[in-house]
>>> print(open('model.txt').read())   # compact mmCIF, C-alpha atoms
# COMPACT_ATOMS: atom_id res chain seq x y z
CA MET A 56 31.61 -11.26 -21.16
CA SER A 57 29.02 -8.49 -21.07
CA ARG A 58 29.30 -5.76 -18.46
CA PHE A 59 25.65 -6.50 -17.66
CA SER A 60 26.12 -10.22 -16.95
CA ASN A 61 26.27 -9.66 -13.17
CA LEU A 62 23.01 -7.70 -12.98
CA LYS A 63 20.21 -9.12 -10.89
CA GLU A 64 16.90 -9.94 -12.52
CA GLU A 65 14.96 -9.26 -9.32
CA THR A 66 14.24 -5.92 -7.74
CA TYR A 67 16.88 -4.73 -5.29
CA TRP A 68 14.36 -3.31 -2.84
CA MET A 69 13.09 -6.84 -2.12
CA ASP A 70 16.48 -7.82 -0.64
CA PRO A 71 16.22 -8.08 3.14
CA HIS A 72 17.88 -5.29 5.03
CA PRO A 73 21.07 -6.54 6.72
CA THR A 74 19.74 -5.49 10.14
CA ALA A 75 16.30 -7.09 9.67
CA LYS A 76 15.24 -9.42 12.46
CA ALA A 77 13.21 -12.57 11.90
CA TYR A 78 10.22 -12.95 14.19
CA THR A 79 8.67 -15.99 12.52
CA ASN A 80 8.94 -18.15 15.62
CA LYS A 81 7.89 -15.48 18.10
CA ALA A 82 4.65 -16.29 19.88
CA LEU A 83 1.79 -13.82 19.63
CA PRO A 84 0.97 -11.99 22.84
CA ALA A 85 -1.89 -13.29 24.93
CA LYS A 86 -3.40 -9.79 25.02
CA THR A 87 -3.09 -6.65 22.91
CA ASP A 88 -5.15 -3.50 22.60
CA VAL A 89 -4.98 -3.42 18.79
CA LEU A 90 -3.99 -6.09 16.29
CA VAL A 91 -2.87 -4.70 12.93
CA ILE A 92 -2.91 -7.26 10.12
CA GLY A 93 -0.59 -6.50 7.24
CA SER A 94 2.66 -4.58 7.21
CA GLY A 95 2.28 -2.47 4.13
CA TYR A 96 2.47 1.31 4.35
CA THR A 97 -0.93 1.60 6.02
CA GLY A 98 -0.33 -1.18 8.53
CA VAL A 99 3.15 -0.04 9.55
CA VAL A 100 2.17 3.61 9.93
CA THR A 101 -0.98 2.65 11.86
CA ALA A 102 1.01 0.44 14.23
CA LEU A 103 3.70 3.10 14.66
CA LYS A 104 1.22 5.90 15.44
CA LEU A 105 -0.67 3.69 17.90
CA LYS A 106 2.59 2.72 19.63
CA GLN A 107 3.64 6.39 19.81
CA ALA A 108 0.29 7.13 21.47
CA GLY A 109 1.07 4.56 24.18
CA ILE A 110 -1.32 1.90 22.90
CA ASP A 111 -0.30 -1.76 23.10
CA VAL A 112 -0.26 -2.80 19.44
CA THR A 113 0.70 -6.03 17.68
CA LEU A 114 1.59 -6.03 13.97
CA VAL A 115 1.38 -9.33 12.10
CA GLU A 116 2.46 -10.11 8.56
CA GLN A 117 2.42 -13.32 6.56
CA GLY A 118 5.80 -12.62 4.95
CA ARG A 119 8.39 -9.91 5.37
CA ILE A 120 7.44 -6.36 6.27
CA GLY A 121 6.54 -4.44 3.12
CA SER A 122 6.95 -7.54 0.96
CA GLU A 123 3.49 -7.69 -0.54
CA ALA A 124 1.41 -5.07 -2.37
CA SER A 125 3.00 -1.97 -0.81
CA GLY A 126 6.47 -3.13 -1.69
CA LYS A 127 5.70 -4.35 -5.18
CA ASN A 128 3.21 -2.11 -6.91
CA GLY A 129 3.51 1.23 -8.54
CA GLY A 130 0.26 2.36 -7.00
CA MET A 131 -0.56 6.00 -7.21
CA ALA A 132 -3.51 8.27 -6.74
CA LEU A 133 -4.77 9.77 -9.97
CA THR A 134 -6.91 12.85 -10.28
CA GLY A 135 -8.96 11.61 -13.19
CA LEU A 136 -10.11 8.64 -15.18
CA SER A 137 -8.07 6.28 -17.32
CA VAL A 138 -10.22 7.33 -20.28
CA SER A 139 -11.52 10.73 -21.29
CA LEU A 140 -14.69 12.11 -19.74
CA PHE A 141 -16.12 12.28 -23.28
CA LYS A 142 -15.77 8.48 -23.67
CA VAL A 143 -17.43 7.88 -20.31
CA LEU A 144 -20.36 10.11 -21.21
CA LYS A 145 -20.64 8.60 -24.70
CA ASN A 146 -20.85 5.03 -23.35
CA THR A 147 -23.03 5.74 -20.31
CA THR A 148 -26.60 6.98 -20.29
CA SER A 149 -27.08 7.40 -16.54
CA ILE A 150 -24.37 9.96 -15.86
CA THR A 151 -24.25 13.65 -16.73
CA ALA A 152 -21.19 15.81 -17.28
CA GLY A 153 -22.00 17.73 -14.09
CA SER A 154 -22.27 14.62 -11.91
CA ALA A 155 -19.06 13.21 -13.41
CA ARG A 156 -17.20 16.44 -12.63
CA SER A 157 -18.62 16.42 -9.09
CA ALA A 158 -17.43 12.84 -8.60
CA LEU A 159 -13.95 13.75 -9.83
CA ARG A 160 -13.81 16.81 -7.54
CA LEU A 161 -14.88 14.67 -4.58
CA THR A 162 -12.18 12.11 -5.39
CA VAL A 163 -9.47 14.79 -5.57
CA SER A 164 -10.63 16.37 -2.30
CA GLN A 165 -10.09 13.03 -0.52
CA LEU A 166 -6.42 12.72 -1.52
>>> encode(input="model.txt", output="structure tokens")
Amino acid sequence: MSRFSNLKEETYWMDPHPTAKAYTNKALPAKTDVLVIGSGYTGVVTALKLKQAGIDVTLVEQGRIGSEASGKNGGMALTGLSVSLFKVLKNTTSITAGSARSALRLTVSQL
């Protein structure tokens, strides 16, 4: 028997936390100040900050919290293109090196 035969083939971070509560049968409130749809990083942090500010907020999610894109992808912010600037300029006639650099600088400044 291999020492690896007991390894899971799924990701461990998708296992529910032992203290997680299920709210699938909980009725939605009749009134809320803000309804946040989706419990990825953005949705959870938005709901948390609103709640901390004393705003009545309701967070809804189709599945488990963090179970969709935020919990599954390896998303990251890059400070460039997936190809070289030379390839972009070679295959595009309507962009100049200066405007491409400006676009890249603007992207980086927004991170």
>>> atom_distance(input="model.txt", atom1="atom CA of A:Gly93", atom2="atom CA of A:Gln117")
7.5 Å
>>> closest_residue(input="model.txt", among="A:Lys76, A:Arg58, A:Lys81, A:Lys63", to="A:Val115", atoms="all atoms listed in the file")
A:Lys81
>>> closest_residue(input="model.txt", among="A:Arg160, A:Gly121, A:Lys86, A:Asn61", to="A:Val100", atoms="all atoms listed in the file")
A:Gly121
>>> atom_distance(input="model.txt", atom1="atom CA of A:Glu64", atom2="atom CA of A:Val99")
27.8 Å
>>> atom_distance(input="model.txt", atom1="atom CA of A:Gly98", atom2="atom CA of A:Val163")
23.2 Å
>>> residues_around(input="model.txt", residues="A:Leu105", least_positions_apart="3", cutoff="12 Å", atoms="only C-alpha atoms", output="compact mmCIF listing (two decimals) with C-alpha atoms, keeping the file's coordinate frame")
# COMPACT_ATOMS: atom_id res chain seq x y z
CA THR A 87 -3.09 -6.65 22.91
CA ASP A 88 -5.15 -3.50 22.60
CA VAL A 89 -4.98 -3.42 18.79
CA LEU A 90 -3.99 -6.09 16.29
CA VAL A 91 -2.87 -4.70 12.93
CA GLY A 98 -0.33 -1.18 8.53
CA VAL A 99 3.15 -0.04 9.55
CA VAL A 100 2.17 3.61 9.93
CA THR A 101 -0.98 2.65 11.86
CA ALA A 102 1.01 0.44 14.23
CA ALA A 108 0.29 7.13 21.47
CA GLY A 109 1.07 4.56 24.18
CA ILE A 110 -1.32 1.90 22.90
CA ASP A 111 -0.30 -1.76 23.10
CA VAL A 112 -0.26 -2.80 19.44
CA THR A 113 0.70 -6.03 17.68
CA LEU A 114 1.59 -6.03 13.97
